[in-house]
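Below is work21.cif, holding mmCIF, C-alpha atoms.
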data_upload
#
loop_
_atom_site.label_atom_id
_atom_site.label_comp_id
_atom_site.auth_asym_id
_atom_site.auth_seq_id
_atom_site.Cartn_x
_atom_site.Cartn_y
_atom_site.Cartn_z
CA MET Q 23 71.50 85.95 85.53
CA MET Q 24 75.21 85.57 84.82
CA LYS Q 25 77.43 85.52 87.85
CA HIS Q 26 80.68 87.44 87.55
CA ASN Q 27 83.63 85.87 89.36
CA LYS Q 28 85.67 89.09 89.45
CA VAL Q 29 88.34 89.30 92.14
CA SER Q 30 88.52 92.85 93.46
CA LEU Q 31 91.63 94.49 94.91
CA ALA Q 32 89.94 94.43 98.33
CA ASP Q 33 89.58 90.64 98.10
CA LEU Q 34 93.23 90.39 97.04
CA PHE Q 35 94.31 92.41 100.08
CA LYS Q 36 92.17 90.24 102.37
CA VAL Q 37 93.78 87.06 101.02
CA SER Q 38 97.26 88.68 101.17
CA ALA Q 39 96.65 89.73 104.79
CA PHE Q 40 95.63 86.18 105.67
CA VAL Q 41 98.66 84.67 103.91
CA ILE Q 42 100.99 87.21 105.53
CA ALA Q 43 99.51 86.47 108.95
CA LEU Q 44 100.24 82.80 108.34
CA VAL Q 45 103.76 83.10 106.97
CA ALA Q 46 105.08 86.18 108.79
CA SER Q 47 105.07 84.81 112.32
CA ASP Q 48 107.95 87.13 113.32
CA ALA Q 49 105.78 90.19 112.62
CA ALA Q 50 104.05 89.85 115.98
CA LEU Q 51 107.39 90.20 117.75
CA ALA Q 52 108.70 93.05 115.60
CA ALA Q 53 109.72 96.26 117.33
CA ASP Q 54 108.15 98.75 114.93
CA ALA Q 55 106.18 99.09 111.70
CA GLY Q 56 109.39 99.21 109.65
CA LYS Q 57 110.48 95.84 111.03
CA VAL Q 58 107.00 94.42 110.30
CA ALA Q 59 107.34 95.68 106.72
CA THR Q 60 110.84 94.14 106.46
CA ASN Q 61 109.57 90.79 107.76
CA VAL Q 62 106.65 90.84 105.33
CA ALA Q 63 109.03 91.77 102.49
CA ASN Q 64 111.23 88.79 103.40
CA SER Q 65 108.15 86.58 103.19
CA PHE Q 66 107.38 88.07 99.77
CA ASN Q 67 110.91 87.07 98.67
CA ALA Q 68 110.11 83.48 99.62
CA MET Q 69 106.74 83.74 97.85
CA GLY Q 70 108.55 85.00 94.73
CA LEU Q 71 110.73 81.90 94.73
CA ALA Q 72 107.64 79.74 95.25
CA ALA Q 73 105.87 81.48 92.35
CA GLN Q 74 108.90 80.88 90.09
CA ALA Q 75 108.97 77.22 91.09
CA PHE Q 76 105.22 76.95 90.38
CA PHE Q 77 105.60 78.55 86.95
CA ALA Q 78 108.54 76.24 86.14
CA LEU Q 79 106.42 73.22 87.11
CA ALA Q 80 103.48 74.53 85.08
CA GLY Q 81 105.91 74.97 82.17
CA ILE Q 82 106.99 71.33 82.35
CA VAL Q 83 103.34 70.22 82.51
CA MET Q 84 102.50 72.39 79.50
CA ILE Q 85 105.43 71.00 77.49
CA GLY Q 86 104.09 67.52 78.33
CA LEU Q 87 100.63 68.60 77.20
CA ALA Q 88 102.17 69.79 73.94
CA GLY Q 89 103.60 66.30 73.42
CA PHE Q 90 100.22 64.67 74.10
CA THR Q 91 98.50 67.13 71.74
CA PHE Q 92 100.97 66.24 68.95
CA ILE Q 93 100.37 62.51 69.54
CA LYS Q 94 96.58 62.99 69.53
CA TRP Q 95 96.81 65.06 66.34
CA ASN Q 96 98.91 62.35 64.70
CA LYS Q 97 96.59 59.49 65.83
CA THR Q 98 93.39 61.19 64.74
CA ASP Q 99 94.78 62.60 61.47
CA GLY Q 100 94.22 66.14 62.67
CA GLN Q 101 90.58 65.60 63.70
CA GLY Q 102 90.95 65.29 67.49
CA ALA Q 103 93.45 68.05 68.19
CA LYS Q 104 94.78 71.23 66.68
CA LEU Q 105 98.44 71.33 65.68
CA SER Q 106 98.56 75.05 66.48
CA LEU Q 107 97.47 74.31 70.06
CA GLY Q 108 100.36 71.87 70.44
CA PHE Q 109 102.85 74.50 69.30
CA LEU Q 110 101.22 77.11 71.53
CA TYR Q 111 101.53 74.81 74.56
CA LEU Q 112 105.17 74.22 73.67
CA VAL Q 113 105.99 77.93 73.38
CA VAL Q 114 104.00 78.88 76.50
CA GLY Q 115 105.58 75.97 78.44
CA CYS Q 116 109.09 77.09 77.50
CA CYS Q 117 108.27 80.71 78.38
CA LEU Q 118 106.87 79.61 81.76
CA PHE Q 119 109.99 77.55 82.46
CA TYR Q 120 112.25 80.49 81.60
CA ILE Q 121 109.95 83.22 82.96
CA ALA Q 122 112.87 85.35 84.20
CA SER Q 123 114.30 85.42 80.66
CA LEU Q 124 110.89 86.41 79.29
CA ILE Q 125 110.70 89.34 81.73
CA GLN Q 126 114.24 90.40 80.76
CA THR Q 127 113.55 90.12 77.03
CA THR Q 128 110.31 92.12 77.28
CA GLY Q 129 112.06 94.71 79.48
CA ASP Q 130 114.90 95.01 76.94
CA THR Q 131 112.31 95.42 74.16
CA ALA Q 132 110.63 98.28 76.03
CA TRP Q 133 113.63 100.16 77.44
CA GLY Q 134 116.56 98.94 75.31
CA GLU Q 135 119.13 96.23 75.95
CA GLY Q 136 120.21 96.23 79.59
CA GLN Q 137 118.35 99.48 80.26
CA GLY Q 138 115.48 98.03 82.29
CA ASN Q 139 115.99 99.26 85.85
CA ARG Q 140 115.19 96.60 88.43
CA THR Q 141 116.91 98.38 91.31
CA ARG Q 142 115.00 99.49 94.39
CA VAL Q 143 113.22 102.82 94.32
CA GLN Q 144 114.12 105.00 97.29
CA ILE Q 145 111.81 107.43 99.04
CA THR Q 146 113.46 110.85 99.27
CA GLN Q 147 112.32 112.97 102.21
CA MET U 23 108.39 112.24 127.87
CA ILE U 24 108.47 111.66 124.12
CA ASP U 25 108.23 114.87 122.12
CA ALA U 26 107.01 115.27 118.55
CA THR U 27 110.54 115.39 117.11
CA THR U 28 111.44 112.05 118.69
CA MET U 29 108.17 110.55 117.46
CA LEU U 30 108.72 111.72 113.89
CA SER U 31 112.38 110.59 113.93
CA SER U 32 111.30 107.14 115.11
CA PHE U 33 108.63 106.99 112.41
CA MET U 34 111.16 107.95 109.73
CA LYS U 35 113.37 105.05 110.84
CA SER U 36 110.61 102.69 109.63
CA PHE U 37 110.78 103.97 106.06
CA PRO U 38 113.59 101.68 104.78
CA GLY U 39 111.27 98.78 105.74
CA PHE U 40 108.35 100.30 103.83
CA GLU U 41 110.67 100.87 100.83
CA LEU U 42 111.76 97.25 100.88
CA LEU U 43 108.14 96.09 101.15
CA LEU U 44 107.12 98.27 98.20
CA ASN U 45 109.95 97.02 95.99
CA VAL U 46 109.50 93.36 96.81
CA PHE U 47 105.70 93.62 96.49
CA VAL U 48 105.82 95.14 93.00
CA GLY U 49 108.42 92.58 91.92
CA LEU U 50 106.25 89.70 93.13
CA VAL U 51 103.09 91.08 91.51
CA GLY U 52 105.07 91.65 88.28
CA LEU U 53 106.23 88.03 88.27
CA VAL U 54 102.72 86.69 88.95
CA LEU U 55 101.16 88.88 86.22
CA THR U 56 103.78 87.75 83.68
CA GLY U 57 103.01 84.13 84.49
CA THR U 58 99.28 84.81 84.27
CA ALA U 59 99.83 86.39 80.84
CA LEU U 60 101.25 83.09 79.62
CA PHE U 61 98.30 81.13 81.05
CA LYS U 62 95.96 83.58 79.29
CA PHE U 63 97.84 82.89 76.02
CA ALA U 64 97.27 79.17 76.49
CA GLU U 65 93.58 79.76 77.35
CA LEU U 66 93.23 81.89 74.24
CA GLY U 67 94.77 79.17 72.08
CA LYS U 68 92.43 76.56 73.53
CA HIS U 69 89.11 78.42 73.53
CA GLY U 70 89.77 81.20 71.04
CA SER U 71 88.90 84.87 71.34
CA GLN U 72 85.62 85.49 73.16
CA PRO U 73 83.72 88.79 73.23
CA GLY U 74 83.68 90.08 76.81
CA GLY U 75 86.19 87.41 77.83
CA VAL U 76 89.78 86.68 76.89
CA THR U 77 90.85 88.38 73.67
CA TRP U 78 94.30 88.87 72.12
CA VAL U 79 94.69 92.12 74.05
CA THR U 80 94.28 90.41 77.46
CA PRO U 81 97.57 88.45 77.61
CA ALA U 82 99.46 91.34 76.01
CA MET U 83 98.23 93.77 78.67
CA TYR U 84 99.03 91.27 81.44
CA LEU U 85 102.56 90.92 80.05
CA ILE U 86 103.05 94.70 79.76
CA SER U 87 101.72 95.24 83.30
CA GLY U 88 103.87 92.46 84.70
CA VAL U 89 107.08 93.66 83.05
CA ALA U 90 106.35 97.30 83.96
CA LEU U 91 105.91 96.28 87.60
CA PHE U 92 109.03 94.10 87.57
CA ASN U 93 111.06 97.02 86.13
CA PHE U 94 109.30 99.43 88.50
CA ALA U 95 112.12 102.00 88.64
CA SER U 96 112.25 102.17 84.83
CA SER U 97 108.47 102.59 84.58
CA VAL U 98 108.50 105.44 87.10
CA ASN U 99 111.50 107.02 85.33
CA THR U 100 109.70 106.87 81.96
CA PHE U 101 106.77 108.85 83.33
CA LEU U 102 108.95 111.23 85.37
CA GLU U 103 110.99 112.08 82.28
CA THR U 104 107.79 112.55 80.25
CA PHE U 105 106.27 114.94 82.78
CA TYR U 106 109.27 116.76 84.27
CA GLY U 107 112.04 116.44 81.67
CA ASP U 108 115.02 114.17 80.98
CA SER U 109 116.99 115.05 84.11
CA THR U 110 114.33 113.77 86.53
CA SER U 111 114.57 110.20 87.74
CA VAL U 112 113.79 108.20 90.89
CA SER U 113 117.42 108.51 92.00
CA ASN U 114 117.60 112.33 91.94
CA LEU U 115 114.19 113.55 93.09
CA LEU U 116 114.14 116.84 94.97
CA GLY U 117 113.89 116.48 98.73
CA TYR U 118 112.58 119.00 101.24
CA SER U 119 115.31 120.94 103.04
CA GLY U 120 113.35 123.85 104.54
CA GLY U 121 114.54 127.36 105.41
CA SER U 122 117.31 128.05 107.91
CA ASP U 123 114.98 130.00 110.19
CA MET U 124 112.37 127.22 110.30
CA PRO U 125 111.99 125.28 113.58
CA GLN U 126 113.48 121.80 113.49
CA GLN U 127 110.14 120.21 114.43
CA SER U 128 108.28 121.85 111.54
CA LYS U 129 111.03 120.84 109.11
CA LEU U 130 110.89 117.24 110.30
CA LEU U 131 107.10 117.23 110.15
CA ILE U 132 107.08 118.41 106.52
CA GLN U 133 109.84 115.92 105.61
CA THR U 134 107.79 113.10 107.14
CA LEU U 135 104.67 114.26 105.33
CA VAL U 136 106.58 114.41 102.02
CA ALA U 137 107.95 110.88 102.56
CA CYS U 138 104.45 109.54 103.40
CA LEU U 139 102.91 111.16 100.31
CA ARG U 140 105.76 109.83 98.13
CA LEU U 141 105.20 106.33 99.46
CA TYR U 142 101.48 106.70 98.72
CA GLY U 143 102.42 107.95 95.24
CA TYR U 144 104.53 104.87 94.57
CA PHE U 145 101.68 102.60 95.69
CA THR U 146 99.20 104.57 93.55
CA PHE U 147 101.50 104.20 90.54
CA ALA U 148 101.85 100.46 91.22
CA ARG U 149 98.04 100.17 91.48
CA ALA U 150 97.73 101.95 88.12
CA LEU U 151 100.09 99.45 86.52
CA MET U 152 98.15 96.59 88.11
CA SER U 153 94.79 97.87 86.86
CA MET U 154 96.31 98.45 83.40
CA ARG U 155 96.08 94.68 82.83
CA ARG U 156 92.29 94.93 82.61
CA ILE U 157 92.34 97.42 79.71
CA GLY U 158 90.84 95.76 76.67
CA SER U 159 89.85 92.55 78.44
CA GLY U 160 86.18 93.46 78.56
CA GLN U 161 86.00 93.26 82.34
CA SER U 162 84.01 96.03 84.07
CA GLY U 163 84.15 98.21 80.98
CA SER U 164 87.51 99.04 79.41
CA ASP U 165 86.79 102.78 79.31
CA GLU U 166 86.32 102.92 83.08
CA VAL U 167 89.53 100.96 83.62
CA PHE U 168 91.43 103.17 81.18
CA LYS U 169 90.14 106.30 82.94
CA SER U 170 91.02 105.12 86.45
CA THR U 171 94.43 103.85 85.28
CA SER U 172 95.28 107.18 83.64
CA ILE U 173 94.19 109.16 86.71
CA ARG U 174 96.21 106.92 89.04
CA LEU U 175 99.29 107.15 86.79
CA VAL U 176 99.21 110.95 86.72
CA ALA U 177 98.34 111.26 90.44
CA GLY U 178 101.04 108.75 91.35
CA ILE U 179 103.71 110.58 89.37
CA GLY U 180 102.58 113.91 90.83
CA LEU U 181 102.93 112.51 94.36
CA ILE U 182 106.26 110.80 93.67
CA ASN U 183 107.76 114.13 92.55
CA LEU U 184 105.76 116.11 95.12
CA ILE U 185 108.28 118.93 95.52
CA GLY U 186 108.59 119.35 91.74
CA THR U 187 104.79 119.38 91.38
CA ALA U 188 104.37 121.99 94.14
CA ASN U 189 107.01 124.19 92.48
CA ILE U 190 105.39 123.82 89.06
CA VAL U 191 101.95 124.82 90.42
CA SER U 192 103.35 127.82 92.32
CA SER U 193 105.49 128.88 89.33
CA THR U 194 102.41 128.71 87.10
CA PHE U 195 100.73 131.35 89.26
CA GLY U 196 103.87 133.51 89.43
CA PHE U 197 105.10 132.66 92.95
CA GLY U 198 108.25 130.86 91.75
CA ASN U 199 109.75 127.85 93.52
CA VAL U 200 108.26 127.83 97.00
CA VAL U 201 109.50 124.52 98.39
#
What is this structure when it is put down as C-alpha cells?
Amino acid sequence: MMKHNKVSLADLFKVSAFVIALVASDAALAADAGKVATNVANSFNAMGLAAQAFFALAGIVMIGLAGFTFIKWNKTDGQGAKLSLGFLYLVVGCCLFYIASLIQTTGDTAWGEGQGNRTRVQITQ
Amino acid sequence: MIDATTMLSSFMKSFPGFELLLNVFVGLVGLVLTGTALFKFAELGKHGSQPGGVTWVTPAMYLISGVALFNFASSVNTFLETFYGDSTSVSNLLGYSGGSDMPQQSKLLIQTLVACLRLYGYFTFARALMSMRRIGSGQSGSDEVFKSTSIRLVAGIGLINLIGTANIVSSTFGFGNVV
C-alpha cells in the first residue's frame, strides 16, 4: 500500500507552535494576548529574513548545479544530462536569488504596475 | 471589580497585535510558497510531469497562492470589489456604530464581536489562498480542494465585510440596512 506523506494544516500548526515556543521566549513574560501576538509577529519577521537568506543560498546552489549540468552535457555529448535542465536550473536559481523581484513582477502582472497592495490590512470594529 | 466594559476594552487593546500577527504571517507564508513554487519548477524539470504528482499546474498554483498571500490587501480588495462593488476596499469597510439609545456595554460587545469575526474572516481568506496551491496538483482530489477553497473564499469575504453582508441579507428580505 502506498504511503502518502501529506502534511496537513494541523501538523503545520503543531510545528509552528513548537518553533514559536522556541524562538518567542518573550511571549511568556508578555502582559496580554496582543503583546504575545506582537512578539510572535516579530519572530515571524526574523523567520522571513531567514527564509529569504535560505532561498538566496538555494539560488546560488542551483546556479552552480546549472554549471555542472552544462559541463556534464558537454562532456557526454548530450547523453548524460539534458541541456534544458541546465537552463531550468539557471532560471530557477536566478529567480530564487531575486525572490522579492519575482513576487513584485508577478504582483504587477496580476494587479498592474505598482498596484499590488502590500500594506497591512486593518480590522475595523 | 472589573466590569464587562473594562474587560472588552482591554480585549480590544490586543487587536493591533493580532493585526500585526496576521499581516506578518500571510507575508511569511507567501514568501515560502513562492520559493516552494520555484523548487517545484526544478523538480518538474528533473523528473517531468507525473500523474497524481507534480504537474505543470502545481508550481503555477504555488506561485499564484504565494503572490496572492504576499499582496494580501490587494487579494482581499479584488474579492471585495467583485462582491460588493468598486467602492469597497479593506481601508474603508463599514464599522459598527450602534444607535444613540443603545447601552455602551452592548455597543462595545457588538463591536468586539464584529472585530473577532473580521479577524476570523481574514484568517479564513488566508487559509483559502493557502489551500488554493493544491488545486490541480492531484493531492487529495482537486475537486474537493477547489470546493473547500471556494467556500472559504466566499465565507472569508462575507466575514471581512460583516456589516455589509448583514445589510445585504436584511435588504434582500425588505428590512433595509439594519446595522
query = Taking the file as shown, what set of residues would the PyMOL selection byres ((chain U) within 6 of (chain Q)) give back, as JSON, numbers by chain?
reply = {"U": [36, 39, 40, 43, 45, 46, 50, 60, 67, 89, 93, 95, 96, 117, 133, 136, 137]}
Using all atoms listed in the file, the shortest atom-to-atom distance to Gly120 of chain U among U:Val200, U:Ala90, U:Glu103, U:Thr27 belongs to U:Val200
From the list U:Ser128, U:Thr56, U:Asn183, U:Thr28, the nearest residue to Phe101 of chain U using all atoms listed in the file is U:Asn183
Q) Of the residues U:Met29, U:Leu175, U:Ile132, U:Leu116, which is the one nearest to Ala148 of chain U, using all atoms listed in the file? A)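 That would be U:Leu175, the residue with the smallest distance to Ala148 of chain U.
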Axis-aligned box over every listed atom of segment 116-127 of chain U, padded by 5 Å per side: centre and edges in Å to one decimal, as AutoDock Vina command-line options?
--center_x 113.7 --center_y 123.2 --center_z 104.7 --size_x 17.2 --size_y 23.5 --size_z 29.5
Judged by only C-alpha atoms, the minimum distance to Gly88 of chain U among U:Ser32, U:Ser109, U:Thr58, U:Thr171 is found for U:Thr58
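Shortest separation to Gly86 of chain Q among Q:Leu105, Q:Ala39, Q:Ala32, Q:Cys116 occurs at residue Q:Cys116, atoms counted being all atoms listed in the file.
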Name the residues that the PyMOL selection byres ((chain U and resi 98) around 8) pulls out of this structure, and write them as a VMD selection string.
chain U and resid 94 to 97 99 to 102 111 to 112 147 179
As a check of understanding: the span from atom CA of Ile82 of chain Q to atom CA of Phe61 of chain U is 13.2 Å
- [ ] Could you please determine the separation between atom CA of Gly52 of chain U and atom CA of Ser87 of chain U in Å, to one decimal place?
- [x]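 Going from atom CA of Gly52 of chain U over to atom CA of Ser87 of chain U, I get 7.0 Å.
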For this session: Could you tell me which of U:Val167, U:Thr110, U:Leu131, U:Gly143 comes closest to Gly186 of chain U if we count only C-alpha atoms?
Result: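 Counting only C-alpha atoms, the residue closest to Gly186 of chain U is U:Thr110.
For Leu184 of chain U, the residues within 8 Å (counting all atoms listed in the file, excluding itself and residues fewer than 4 positions away along the chain) are Val136, Leu139, Arg140, Gly180 and Ala188 of chain U.
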Between atom CA of Tyr106 of chain U and atom CA of Gly196 of chain U lies a distance of 18.3 Å
Can you list, as a CSV table (one decimal) with C-alpha atoms, in the coordinates of the input, the residues that the PyMOL selection byres ((chain U and resi 150-156) around 9) selects here?
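As a result, out16.csv now contains:
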chain,number,residue,atom,x,y,z
U,51,VAL,CA,103.1,91.1,91.5
U,52,GLY,CA,105.1,91.6,88.3
U,55,LEU,CA,101.2,88.9,86.2
U,80,THR,CA,94.3,90.4,77.5
U,81,PRO,CA,97.6,88.4,77.6
U,82,ALA,CA,99.5,91.3,76.0
U,83,MET,CA,98.2,93.8,78.7
U,84,TYR,CA,99.0,91.3,81.4
U,85,LEU,CA,102.6,90.9,80.0
U,86,ILE,CA,103.0,94.7,79.8
U,87,SER,CA,101.7,95.2,83.3
U,88,GLY,CA,103.9,92.5,84.7
U,90,ALA,CA,106.4,97.3,84.0
U,91,LEU,CA,105.9,96.3,87.6
U,145,PHE,CA,101.7,102.6,95.7
U,146,THR,CA,99.2,104.6,93.6
U,147,PHE,CA,101.5,104.2,90.5
U,148,ALA,CA,101.8,100.5,91.2
U,149,ARG,CA,98.0,100.2,91.5
U,157,ILE,CA,92.3,97.4,79.7
U,158,GLY,CA,90.8,95.8,76.7
U,159,SER,CA,89.8,92.6,78.4
U,160,GLY,CA,86.2,93.5,78.6
U,161,GLN,CA,86.0,93.3,82.3
U,162,SER,CA,84.0,96.0,84.1
U,163,GLY,CA,84.2,98.2,81.0
U,164,SER,CA,87.5,99.0,79.4
U,167,VAL,CA,89.5,101.0,83.6
U,168,PHE,CA,91.4,103.2,81.2
U,170,SER,CA,91.0,105.1,86.4
U,171,THR,CA,94.4,103.8,85.3
U,172,SER,CA,95.3,107.2,83.6
U,173,ILE,CA,94.2,109.2,86.7
U,174,ARG,CA,96.2,106.9,89.0
U,175,LEU,CA,99.3,107.2,86.8
U,178,GLY,CA,101.0,108.8,91.4
